[in-house]
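Chemist: I'd like to ask you about the structure that follows.
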Amino acid sequence: MEFTAKQIAEVLKGKVEGDPEVVVSRLAKIEEGVPGTMTFLANPAYTPHIYSTRASIIVVNEDFAATQPVTGTLIRVENAYASFAMLMELFQSMQSGKKGISPYAFISKSARIGEDVYIGEFVSVGEHAVIGNKVQLHPQAFIGDNVTIGDKSIIYSGAKIYHDCVIGIDCTLHAGTVIGADGFGFAPLEGNEYKKIIQAGNVIIEDNVEIGANTTIDRATLGSTIIHRGAKIDNLVQLGHGVEIGENTIIAAQTGIAGSTKIGKNCMIAGQVGIVGHLTIGDNVKIGAQSGVEHDIKDGDAYLGTPALEVGKSRRLYVYWRSFDQLAKKIYQLEKLLKKD
Amino acid sequence: MEFTAKQIAEVLKGKVEGDPEVVVSRLAKIEEGVPGTMTFLANPAYTPHIYSTRASIIVVNEDFAATQPVTGTLIRVENAYASFAMLMELFQSMQSGKKGISPYAFISKSARIGEDVYIGEFVSVGEHAVIGNKVQLHPQAFIGDNVTIGDKSIIYSGAKIYHDCVIGIDCTLHAGTVIGADGFGFAPLEGNEYKKIIQAGNVIIEDNVEIGANTTIDRATLGSTIIHRGAKIDNLVQLGHGVEIGENTIIAAQTGIAGSTKIGKNCMIAGQVGIVGHLTIGDNVKIGAQSGVEHDIKDGDAYLGTPALEVGKSRRLYVYWRSFDQLAKKIYQLEKLLKKD
Amino acid sequence: MEFTAKQIAEVLKGKVEGDPEVVVSRLAKIEEGVPGTMTFLANPAYTPHIYSTRASIIVVNEDFAATQPVTGTLIRVENAYASFAMLMELFQSMQSGKKGISPYAFISKSARIGEDVYIGEFVSVGEHAVIGNKVQLHPQAFIGDNVTIGDKSIIYSGAKIYHDCVIGIDCTLHAGTVIGADGFGFAPLEGNEYKKIIQAGNVIIEDNVEIGANTTIDRATLGSTIIHRGAKIDNLVQLGHGVEIGENTIIAAQTGIAGSTKIGKNCMIAGQVGIVGHLTIGDNVKIGAQSGVEHDIKDGDAYLGTPALEVGKSRRLYVYWRSFDQLAKKIYQLEKLLKKD
């Protein structure tokens, strides 16, 4: 998508100052602007950057007064910040505006497809799947048998949803994410071998959930692994079978939560955290990056470290940790002193 | 798949008590039963749940005597636990009962395909690949040139197997897993650049191995990365080039094992563990979650922590860690006391 | 691909000693040689292996004198090491020699495709995408709208590149990698809900970059996430929105770098490292495995541990850590001694 300064000025009801035919295809920060990008200046602290930015178009407040030459084309508007935010929304809506069903998609005859959907090339939709209105299935997405996807949800390229899983309304699943693979359950047999425990449950993802790229959420052994409404889960996260994630809880990248653990509402779990199985983590809990959680956590508590301890305690321990070498030397000195006595 | 209570009772040779036409499509735990699911009651400790469960069907022992009203339909059988286990197997076998070669799959002319296979939509099978009998290749799986897949193995959607790799009999590879990408090998050149070291080996996965979703197992530089029979590997695990995993060893999610490390038989490696390259880990070894292993480990040992230490030692250190702040204060107090003297 | 000893000897201008018709399809280390593989002996330290290797062909120096029987066929050459390296290159070039556009690929009409490309089955190439000369797009790769891919780059099976991203010349993206998914940005609303922050930027990958399997690199909110030329990134790595990776920097598997952090040139970052957002890491920095980095790091420094400390310091602390139980006991003893006084 390419736009001229003139076209953008018309949308923003602004005034062009410079070349009205200059073309942009992307938005940028003012300090990182390169030719072909458009940026904005609203915060006066960033004013010096307008004289060095290589962006082709800069949206500015109408009262902006340059004190040096500016190389890009200016578009003067009443409120540069609000105008730019509006352009971002517009860009986004144009990018996500794909429609129609590709003749190269495969849709099982028993599947039910809603209105105004986008189904891209090489998508596979299984038997009895139900695809809501305005759903987007990007190329090579896999929708298993009996899967339900709620209205307006977006499933990006190559995301895979195993049979019987349920995706709510207004969800976003990024590329490569895997929903509903078998939980990791094996019963020991004689002779050190293992027998697979059948994973007969599913995954339920409620409304307004976002799930990052290449994240994996396993189906429950029985019943459901559940991601409640509004939860946001980053890339490369692992959620084991039977896990439950509360409403509006946020989980950053590469965190892993083992089977049957329940996480409450409005929690913030940082990146690379590990939480063992069968725990109960309360509501409004915060867990710091790389923590290893072995015990239940009560509502509102904040934890950090491996093993995870209350955050104030944990920070205190790390302060001493940094001078552990000096502390150790002190002990040896004290010992020497006392033995001399 | 939907079944009525009557149909299920016939399979189980049980007696329906309640609505014989009620329909279920999924199995659930009794405490999580919702309409449309079937559950069971075998352990008396769970009896209170039968009066609150919303499951549509409950399989019970024939001598079960309700002391309050039950809303779901009961199916009375001789052994509720055994009957339910049988139903789980049945559900599973129906789900995995896909057969036939999709006209939307691509199979190279030189590939050899066994009998009774399932090859789903948009699967790509490379030159000279050999696909065993009863193999399932789910939609969008990628089978590279010269790959061999043993009888009855299941390759889920979007799993990718690079050229020359070998998959045994009765293996399961979950969605998005990548077998045989290049190992991470680069030789430094002058001027800080790197030259790629050709990765000319392959990956061999022996019989009865299960590999989780989005796990990555790199091909060896020369020779083979080997996963021995019966090993079970969870989601998002990374195995470097030339790694060897012993028989019946279990590796939990997000663990990473660097190049050329050999892991013995019957080991249990927990989640988020890191093991550096070129080590030898013995048989029957246990490694705790999030450990960082830098040294060889002998047969039968258990390790924990970063750096990983013998588990008893490591647990002892963590006990002191929790009171490190008090210990540090004691040191300062002792120092003060002695200096006063 | 299968070759006889005779064919290989012709290429190497060597002399066959043994069965000239024996066939090999893979290269192996001498100590791991199995029938059907070819290996070499150059380093005298490995000589004992030549009497036990099961490799079908062994390339040796012309002056090699066996002191025991050798089961494989020998090929005598002037320089065994150089000859074997040449064979590795040859194997590689044959494997990567795929050409032509599959009739089962989908290419948007507005896309521009270079010469001598390979585009495999079920690849999807979006609107206005530009694919350079000699590019390889392996089966099921996804190339979004407006994506540019430089000459000779290889995109393996099922890799996904979102709209507007730019890939340089001579890059390799392994299977399942996701380039340009939305950054993890959400603004809190009243009532604990979150509003998605539009991610309007892209990802730019410069020339000669290699990216491992199932790695995820998010697009910037505005501007670009940038991987500079020559960087090498392993499997299952997470790079957040707006991250910048310097030239020739190496990042090992399962490392995660949070949004807006800038990493300098020629750094070496080991596996499972976590780096928080908005940091600046200098050039020539080394970070040890599993480290947790919370602060900026200056050029040339080496860091280790969680929290990451200067490597010498960190190693010292870990030495004391191993005897922490004894140190703690000493403190209690000293305390007792002093209280007795």
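To be explicit about the labels: the chains of the structure tokens are called A, B, and onward in the order shown, and within each one the residues are counted from 1, while ligands get numbers from 1 in the order they are shown.
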Contacts of Leu337 in chain B at 12 Å or less, counting only C-alpha atoms, minus same-chain residues fewer than 6 places along, as a list in words?
Modeler: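 The contact residues come out as Leu334, Leu337 and Leu338 of chain A; Lys330 and Ile331 of chain B; Leu334, Glu335, Leu337, Leu338, Lys339 and Asp341 of chain C.
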Chemist: Go ahead and write the selection's residues with all heavy atoms as a PDB file, in the first residue's frame.
Modeler:
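File part.pdb, as written:
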```pdb
ATOM      1  N   LEU A 334      36.517 -14.074  60.370  1.00  0.00           N
ATOM      2  CA  LEU A 334      35.987 -14.177  61.731  1.00  0.00           C
ATOM      3  C   LEU A 334      36.409 -15.500  62.357  1.00  0.00           C
ATOM      4  O   LEU A 334      36.814 -15.556  63.529  1.00  0.00           O
ATOM      5  CB  LEU A 334      34.456 -14.075  61.707  1.00  0.00           C
ATOM      6  CG  LEU A 334      33.883 -12.701  61.325  1.00  0.00           C
ATOM      7  CD1 LEU A 334      32.376 -12.788  61.116  1.00  0.00           C
ATOM      8  CD2 LEU A 334      34.216 -11.668  62.397  1.00  0.00           C
ATOM      9  N   LEU A 337      40.017 -15.291  63.366  1.00  0.00           N
ATOM     10  CA  LEU A 337      40.127 -14.434  64.549  1.00  0.00           C
ATOM     11  C   LEU A 337      39.773 -15.195  65.815  1.00  0.00           C
ATOM     12  O   LEU A 337      40.474 -15.136  66.827  1.00  0.00           O
ATOM     13  CB  LEU A 337      39.149 -13.258  64.412  1.00  0.00           C
ATOM     14  CG  LEU A 337      39.738 -11.904  64.033  1.00  0.00           C
ATOM     15  CD1 LEU A 337      38.644 -10.955  63.640  1.00  0.00           C
ATOM     16  CD2 LEU A 337      40.583 -11.357  65.182  1.00  0.00           C
ATOM     17  N   LEU A 338      38.661 -15.923  65.738  1.00  0.00           N
ATOM     18  CA  LEU A 338      38.176 -16.626  66.922  1.00  0.00           C
ATOM     19  C   LEU A 338      39.063 -17.805  67.281  1.00  0.00           C
ATOM     20  O   LEU A 338      39.262 -18.098  68.464  1.00  0.00           O
ATOM     21  CB  LEU A 338      36.746 -17.120  66.684  1.00  0.00           C
ATOM     22  CG  LEU A 338      35.683 -16.062  66.960  1.00  0.00           C
ATOM     23  CD1 LEU A 338      34.342 -16.524  66.452  1.00  0.00           C
ATOM     24  CD2 LEU A 338      35.623 -15.783  68.459  1.00  0.00           C
TER      25      LEU A 338
ATOM     26  N   LYS B 330      23.670 -11.670  60.471  1.00  0.00           N
ATOM     27  CA  LYS B 330      24.452 -12.302  61.539  1.00  0.00           C
ATOM     28  C   LYS B 330      25.947 -12.049  61.336  1.00  0.00           C
ATOM     29  O   LYS B 330      26.678 -11.781  62.291  1.00  0.00           O
ATOM     30  CB  LYS B 330      24.217 -13.816  61.546  1.00  0.00           C
ATOM     31  CG  LYS B 330      23.028 -14.260  62.361  1.00  0.00           C
ATOM     32  CD  LYS B 330      23.016 -15.787  62.479  1.00  0.00           C
ATOM     33  CE  LYS B 330      21.599 -16.306  62.620  1.00  0.00           C
ATOM     34  NZ  LYS B 330      20.903 -15.833  63.847  1.00  0.00           N
ATOM     35  N   ILE B 331      26.404 -12.148  60.099  1.00  0.00           N
ATOM     36  CA  ILE B 331      27.833 -11.931  59.820  1.00  0.00           C
ATOM     37  C   ILE B 331      28.231 -10.510  60.229  1.00  0.00           C
ATOM     38  O   ILE B 331      29.239 -10.310  60.911  1.00  0.00           O
ATOM     39  CB  ILE B 331      28.151 -12.170  58.323  1.00  0.00           C
ATOM     40  CG1 ILE B 331      27.864 -13.622  57.949  1.00  0.00           C
ATOM     41  CG2 ILE B 331      29.613 -11.829  58.014  1.00  0.00           C
ATOM     42  CD1 ILE B 331      27.905 -13.899  56.458  1.00  0.00           C
TER      43      ILE B 331
ATOM     44  N   LEU C 334      30.039 -19.812  64.849  1.00  0.00           N
ATOM     45  CA  LEU C 334      30.678 -18.595  65.348  1.00  0.00           C
ATOM     46  C   LEU C 334      29.742 -17.873  66.321  1.00  0.00           C
ATOM     47  O   LEU C 334      30.162 -17.385  67.373  1.00  0.00           O
ATOM     48  CB  LEU C 334      31.040 -17.669  64.180  1.00  0.00           C
ATOM     49  CG  LEU C 334      32.158 -18.177  63.246  1.00  0.00           C
ATOM     50  CD1 LEU C 334      32.275 -17.289  62.018  1.00  0.00           C
ATOM     51  CD2 LEU C 334      33.486 -18.215  63.991  1.00  0.00           C
ATOM     52  N   GLU C 335      28.482 -17.838  65.965  1.00  0.00           N
ATOM     53  CA  GLU C 335      27.500 -17.161  66.800  1.00  0.00           C
ATOM     54  C   GLU C 335      27.443 -17.825  68.180  1.00  0.00           C
ATOM     55  O   GLU C 335      27.420 -17.159  69.220  1.00  0.00           O
ATOM     56  CB  GLU C 335      26.132 -17.261  66.115  1.00  0.00           C
ATOM     57  CG  GLU C 335      25.136 -16.232  66.613  1.00  0.00           C
ATOM     58  CD  GLU C 335      23.788 -16.425  65.953  1.00  0.00           C
ATOM     59  OE1 GLU C 335      23.491 -17.559  65.492  1.00  0.00           O
ATOM     60  OE2 GLU C 335      23.034 -15.457  65.875  1.00  0.00           O
ATOM     61  N   LEU C 337      29.740 -19.704  69.612  1.00  0.00           N
ATOM     62  CA  LEU C 337      31.013 -19.453  70.294  1.00  0.00           C
ATOM     63  C   LEU C 337      31.004 -18.106  70.997  1.00  0.00           C
ATOM     64  O   LEU C 337      31.392 -17.989  72.161  1.00  0.00           O
ATOM     65  CB  LEU C 337      32.151 -19.443  69.253  1.00  0.00           C
ATOM     66  CG  LEU C 337      33.044 -20.673  69.199  1.00  0.00           C
ATOM     67  CD1 LEU C 337      33.902 -20.616  67.959  1.00  0.00           C
ATOM     68  CD2 LEU C 337      33.883 -20.774  70.462  1.00  0.00           C
ATOM     69  N   LEU C 338      30.546 -17.092  70.248  1.00  0.00           N
ATOM     70  CA  LEU C 338      30.573 -15.726  70.783  1.00  0.00           C
ATOM     71  C   LEU C 338      29.569 -15.557  71.909  1.00  0.00           C
ATOM     72  O   LEU C 338      29.809 -14.824  72.866  1.00  0.00           O
ATOM     73  CB  LEU C 338      30.288 -14.723  69.669  1.00  0.00           C
ATOM     74  CG  LEU C 338      31.530 -14.368  68.855  1.00  0.00           C
ATOM     75  CD1 LEU C 338      31.138 -13.593  67.620  1.00  0.00           C
ATOM     76  CD2 LEU C 338      32.491 -13.554  69.713  1.00  0.00           C
ATOM     77  N   LYS C 339      28.402 -16.210  71.765  1.00  0.00           N
ATOM     78  CA  LYS C 339      27.376 -16.069  72.810  1.00  0.00           C
ATOM     79  C   LYS C 339      27.830 -16.736  74.105  1.00  0.00           C
ATOM     80  O   LYS C 339      27.470 -16.328  75.182  1.00  0.00           O
ATOM     81  CB  LYS C 339      26.060 -16.682  72.314  1.00  0.00           C
ATOM     82  CG  LYS C 339      25.395 -15.756  71.310  1.00  0.00           C
ATOM     83  CD  LYS C 339      23.921 -16.008  71.160  1.00  0.00           C
ATOM     84  CE  LYS C 339      23.322 -14.967  70.238  1.00  0.00           C
ATOM     85  NZ  LYS C 339      22.187 -15.498  69.484  1.00  0.00           N
ATOM     86  N   ASP C 341      30.831 -16.728  75.187  1.00  0.00           N
ATOM     87  CA  ASP C 341      31.840 -15.894  75.850  1.00  0.00           C
ATOM     88  C   ASP C 341      31.244 -15.044  76.978  1.00  0.00           C
ATOM     89  O   ASP C 341      30.257 -14.378  76.795  1.00  0.00           O
ATOM     90  CB  ASP C 341      32.510 -14.967  74.821  1.00  0.00           C
ATOM     91  CG  ASP C 341      33.441 -15.773  73.926  1.00  0.00           C
ATOM     92  OD1 ASP C 341      33.553 -17.001  74.144  1.00  0.00           O
ATOM     93  OD2 ASP C 341      34.030 -15.176  72.998  1.00  0.00           O
TER      94      ASP C 341
END
```
Chemist: Given only C-alpha atoms, how would the per-residue table for chain A near chain C read, listing every residue at most 6 Å away with its closest atom pair and distance in Å to one decimal, sorted by chain and number, as JSON lines?
Modeler:
```
{"residue": "A:Leu27", "atom": "CA", "partner": "C:Leu222", "partner_atom": "CA", "distance": 5.9}
{"residue": "A:Ala28", "atom": "CA", "partner": "C:Gly223", "partner_atom": "CA", "distance": 4.0}
{"residue": "A:Lys29", "atom": "CA", "partner": "C:Gly223", "partner_atom": "CA", "distance": 5.7}
{"residue": "A:Asn248", "atom": "CA", "partner": "C:Glu193", "partner_atom": "CA", "distance": 5.8}
{"residue": "A:Asp325", "atom": "CA", "partner": "C:Leu317", "partner_atom": "CA", "distance": 5.7}
```
Chemist: Can you list, as a PyMOL selection string, every residue of range 95-128 of chain C that DSSP puts in strand (DSSP E or B)?
Modeler: chain C and resi 100-101+106-107+112-113+118-119+124-125
Chemist: Next, dump the selected residues to file, keeping only all heavy atoms, as a PDB file, in the first residue's frame.
Modeler:
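This went into out-v4.pdb:
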```
ATOM      1  N   GLY C 100      12.618 -24.588 -10.058  1.00  0.00           N
ATOM      2  CA  GLY C 100      11.313 -24.607 -10.702  1.00  0.00           C
ATOM      3  C   GLY C 100      10.193 -24.206  -9.768  1.00  0.00           C
ATOM      4  O   GLY C 100      10.340 -24.210  -8.549  1.00  0.00           O
ATOM      5  N   ILE C 101       9.073 -23.828 -10.373  1.00  0.00           N
ATOM      6  CA  ILE C 101       7.910 -23.382  -9.608  1.00  0.00           C
ATOM      7  C   ILE C 101       6.859 -24.473  -9.676  1.00  0.00           C
ATOM      8  O   ILE C 101       6.416 -24.854 -10.763  1.00  0.00           O
ATOM      9  CB  ILE C 101       7.362 -22.059 -10.185  1.00  0.00           C
ATOM     10  CG1 ILE C 101       8.452 -20.983 -10.093  1.00  0.00           C
ATOM     11  CG2 ILE C 101       6.095 -21.636  -9.455  1.00  0.00           C
ATOM     12  CD1 ILE C 101       8.056 -19.637 -10.653  1.00  0.00           C
ATOM     13  N   PHE C 106       0.884 -21.166  -4.849  1.00  0.00           N
ATOM     14  CA  PHE C 106       0.019 -20.035  -5.181  1.00  0.00           C
ATOM     15  C   PHE C 106       0.846 -18.756  -5.178  1.00  0.00           C
ATOM     16  O   PHE C 106       1.463 -18.406  -4.168  1.00  0.00           O
ATOM     17  CB  PHE C 106      -1.128 -19.897  -4.177  1.00  0.00           C
ATOM     18  CG  PHE C 106      -1.906 -18.639  -4.397  1.00  0.00           C
ATOM     19  CD1 PHE C 106      -2.891 -18.575  -5.370  1.00  0.00           C
ATOM     20  CD2 PHE C 106      -1.619 -17.493  -3.661  1.00  0.00           C
ATOM     21  CE1 PHE C 106      -3.592 -17.390  -5.608  1.00  0.00           C
ATOM     22  CE2 PHE C 106      -2.320 -16.311  -3.898  1.00  0.00           C
ATOM     23  CZ  PHE C 106      -3.305 -16.262  -4.863  1.00  0.00           C
ATOM     24  N   ILE C 107       0.842 -18.054  -6.296  1.00  0.00           N
ATOM     25  CA  ILE C 107       1.600 -16.808  -6.414  1.00  0.00           C
ATOM     26  C   ILE C 107       0.646 -15.709  -6.857  1.00  0.00           C
ATOM     27  O   ILE C 107       0.027 -15.806  -7.915  1.00  0.00           O
ATOM     28  CB  ILE C 107       2.752 -16.977  -7.419  1.00  0.00           C
ATOM     29  CG1 ILE C 107       3.699 -18.084  -6.930  1.00  0.00           C
ATOM     30  CG2 ILE C 107       3.500 -15.669  -7.622  1.00  0.00           C
ATOM     31  CD1 ILE C 107       4.760 -18.484  -7.919  1.00  0.00           C
ATOM     32  N   ARG C 112       6.311 -10.235  -7.897  1.00  0.00           N
ATOM     33  CA  ARG C 112       7.369 -10.300  -8.909  1.00  0.00           C
ATOM     34  C   ARG C 112       8.357 -11.383  -8.516  1.00  0.00           C
ATOM     35  O   ARG C 112       8.904 -11.347  -7.410  1.00  0.00           O
ATOM     36  CB  ARG C 112       8.094  -8.957  -9.016  1.00  0.00           C
ATOM     37  CG  ARG C 112       7.245  -7.898  -9.723  1.00  0.00           C
ATOM     38  CD  ARG C 112       8.111  -6.718 -10.122  1.00  0.00           C
ATOM     39  NE  ARG C 112       9.162  -6.525  -9.137  1.00  0.00           N
ATOM     40  CZ  ARG C 112       9.611  -5.325  -8.738  1.00  0.00           C
ATOM     41  NH1 ARG C 112       9.130  -4.224  -9.266  1.00  0.00           N
ATOM     42  NH2 ARG C 112      10.568  -5.242  -7.840  1.00  0.00           N
ATOM     43  N   ILE C 113       8.572 -12.318  -9.429  1.00  0.00           N
ATOM     44  CA  ILE C 113       9.391 -13.493  -9.120  1.00  0.00           C
ATOM     45  C   ILE C 113      10.665 -13.444  -9.955  1.00  0.00           C
ATOM     46  O   ILE C 113      10.603 -13.259 -11.165  1.00  0.00           O
ATOM     47  CB  ILE C 113       8.603 -14.787  -9.456  1.00  0.00           C
ATOM     48  CG1 ILE C 113       7.215 -14.779  -8.791  1.00  0.00           C
ATOM     49  CG2 ILE C 113       9.414 -16.022  -9.062  1.00  0.00           C
ATOM     50  CD1 ILE C 113       7.215 -14.816  -7.289  1.00  0.00           C
ATOM     51  N   TYR C 118      13.224 -21.575  -6.824  1.00  0.00           N
ATOM     52  CA  TYR C 118      12.495 -22.801  -6.496  1.00  0.00           C
ATOM     53  C   TYR C 118      11.315 -22.384  -5.625  1.00  0.00           C
ATOM     54  O   TYR C 118      11.497 -21.733  -4.584  1.00  0.00           O
ATOM     55  CB  TYR C 118      13.385 -23.787  -5.741  1.00  0.00           C
ATOM     56  CG  TYR C 118      12.621 -24.885  -5.038  1.00  0.00           C
ATOM     57  CD1 TYR C 118      11.745 -25.727  -5.742  1.00  0.00           C
ATOM     58  CD2 TYR C 118      12.752 -25.086  -3.667  1.00  0.00           C
ATOM     59  CE1 TYR C 118      11.039 -26.733  -5.093  1.00  0.00           C
ATOM     60  CE2 TYR C 118      12.055 -26.098  -3.014  1.00  0.00           C
ATOM     61  CZ  TYR C 118      11.190 -26.909  -3.731  1.00  0.00           C
ATOM     62  OH  TYR C 118      10.487 -27.896  -3.098  1.00  0.00           O
ATOM     63  N   ILE C 119      10.120 -22.722  -6.066  1.00  0.00           N
ATOM     64  CA  ILE C 119       8.933 -22.447  -5.239  1.00  0.00           C
ATOM     65  C   ILE C 119       8.173 -23.759  -5.133  1.00  0.00           C
ATOM     66  O   ILE C 119       7.646 -24.276  -6.119  1.00  0.00           O
ATOM     67  CB  ILE C 119       8.065 -21.319  -5.838  1.00  0.00           C
ATOM     68  CG1 ILE C 119       8.910 -20.037  -5.969  1.00  0.00           C
ATOM     69  CG2 ILE C 119       6.834 -21.072  -4.970  1.00  0.00           C
ATOM     70  CD1 ILE C 119       8.150 -18.807  -6.423  1.00  0.00           C
ATOM     71  N   SER C 124       2.568 -20.002  -0.464  1.00  0.00           N
ATOM     72  CA  SER C 124       1.663 -18.889  -0.772  1.00  0.00           C
ATOM     73  C   SER C 124       2.462 -17.592  -0.815  1.00  0.00           C
ATOM     74  O   SER C 124       3.108 -17.234   0.164  1.00  0.00           O
ATOM     75  CB  SER C 124       0.569 -18.819   0.308  1.00  0.00           C
ATOM     76  OG  SER C 124      -0.236 -17.691   0.109  1.00  0.00           O
ATOM     77  N   VAL C 125       2.435 -16.921  -1.937  1.00  0.00           N
ATOM     78  CA  VAL C 125       3.162 -15.659  -2.106  1.00  0.00           C
ATOM     79  C   VAL C 125       2.131 -14.542  -2.284  1.00  0.00           C
ATOM     80  O   VAL C 125       1.301 -14.579  -3.194  1.00  0.00           O
ATOM     81  CB  VAL C 125       4.100 -15.709  -3.332  1.00  0.00           C
ATOM     82  CG1 VAL C 125       4.812 -14.372  -3.521  1.00  0.00           C
ATOM     83  CG2 VAL C 125       5.107 -16.841  -3.185  1.00  0.00           C
TER      84      VAL C 125
END
```
Chemist: Using only C-alpha atoms, which protein or nucleic acid residues come within 12 Å of Pro44 in chain C? Drop anything in the same chain fewer than 6 positions from it, and give the result as a PyMOL selection string.
Modeler: chain C and resi 50+60-61+63-66+80-81
Chemist: Take the residues just selected and output them with N, CA and C atoms as a short mmCIF file (atom, residue, chain, number, x, y, z; two decimals), in the first residue's frame.
Modeler:
```cif
data_model
loop_
_atom_site.label_atom_id
_atom_site.label_comp_id
_atom_site.auth_asym_id
_atom_site.auth_seq_id
_atom_site.Cartn_x
_atom_site.Cartn_y
_atom_site.Cartn_z
N ILE C 50 39.29 -46.85 12.37
CA ILE C 50 39.15 -47.38 11.00
C ILE C 50 39.00 -48.91 11.02
N VAL C 60 40.87 -42.04 2.71
CA VAL C 60 42.12 -41.98 3.49
C VAL C 60 43.22 -41.30 2.68
N ASN C 61 44.26 -40.86 3.39
CA ASN C 61 45.44 -40.32 2.69
C ASN C 61 46.12 -41.46 1.93
N ASP C 63 49.01 -42.45 1.69
CA ASP C 63 50.07 -43.22 2.36
C ASP C 63 49.56 -44.01 3.57
N PHE C 64 48.23 -44.08 3.75
CA PHE C 64 47.69 -44.81 4.89
C PHE C 64 48.05 -46.30 4.79
N ALA C 65 48.64 -46.85 5.88
CA ALA C 65 49.04 -48.26 5.88
C ALA C 65 48.27 -48.98 6.98
N ALA C 66 47.35 -49.86 6.58
CA ALA C 66 46.54 -50.57 7.56
C ALA C 66 47.39 -51.60 8.28
N ALA C 80 43.00 -36.42 2.50
CA ALA C 80 41.70 -36.98 2.87
C ALA C 80 40.77 -35.91 3.45
N TYR C 81 41.34 -35.02 4.27
CA TYR C 81 40.52 -34.00 4.91
C TYR C 81 39.91 -33.05 3.88
#
```
Chemist: Write out as a list in words all residues of range 20-173 of chain A that DSSP puts in alpha helix (DSSP H) for this structure's backbone.
Modeler: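 DSSP on the backbone gives alpha helix (DSSP H) at Ala80, Tyr81, Ala82, Ser83, Phe84, Ala85, Met86, Leu87, Met88, Glu89, Leu90, Phe91, Gln92, Ser93, Met94 and Gln95 of chain A.
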Chemist: Between CA of Leu173 in chain A and CA of Val209 in chain A, what distance in Å does the model show, to one decimal?
Modeler: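 CA of Val209 in chain A lies at a distance of 8.3 Å from CA of Leu173 in chain A.
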Chemist: At what distance in Å, to one decimal, does CA of Met268 in chain A lie from CA of Ala252 in chain A?
Modeler: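 If I compute the distance from CA of Ala252 in chain A to CA of Met268 in chain A, I get 8.2 Å.
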Chemist: Find the residues near Leu12 in chain B: any atom within 10 Å, counting only C-alpha atoms, skip ones fewer than 5 places away on the same chain, and give them as number ranges by chain.
Modeler: B: 6-7, 59, 75-80, 82-84, 86-87
Chemist: Val135 in chain C: which residues within 10 Å, counting only C-alpha atoms, same-chain residues fewer than 3 positions away excluded, as a CSV table (one decimal) with C-alpha atoms, in the first residue's frame?
Modeler:
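result32.csv, freshly written:
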```
chain,number,residue,atom,x,y,z
C,99,LYS,CA,14.5,-25.5,-9.0
C,113,ILE,CA,9.4,-13.5,-9.1
C,114,GLY,CA,13.1,-13.6,-10.0
C,115,GLU,CA,15.0,-16.0,-12.2
C,116,ASP,CA,16.1,-19.6,-11.3
C,117,VAL,CA,13.9,-19.7,-8.2
C,118,TYR,CA,12.5,-22.8,-6.5
C,119,ILE,CA,8.9,-22.4,-5.2
C,131,ILE,CA,11.2,-12.7,-4.7
C,132,GLY,CA,14.8,-12.3,-5.8
C,138,HIS,CA,10.3,-24.7,0.3
C,149,ILE,CA,13.2,-11.5,-0.3
C,150,GLY,CA,16.8,-10.9,-1.6
C,151,ASP,CA,18.7,-13.1,-4.1
C,152,LYS,CA,19.7,-16.6,-3.1
C,153,SER,CA,17.9,-16.7,0.2
C,154,ILE,CA,16.4,-20.0,1.3
C,155,ILE,CA,13.1,-20.1,3.2
C,169,ILE,CA,20.4,-11.6,0.2
C,170,ASP,CA,21.9,-15.0,1.1
C,171,CYS,CA,19.7,-15.5,4.2
```
Chemist: Quick one, how far is CA of Ala45 in chain B from CA of Ala85 in chain B?
Modeler: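 Between these atoms lies a distance of 18.6 Å.
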Chemist: For Val243 in chain A, which of A:Val16, A:Ile211, A:Ile205, A:Ile287 is the closest residue, counting only C-alpha atoms?
Modeler: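 The answer is A:Ile205, which sits nearest to Val243 in chain A.
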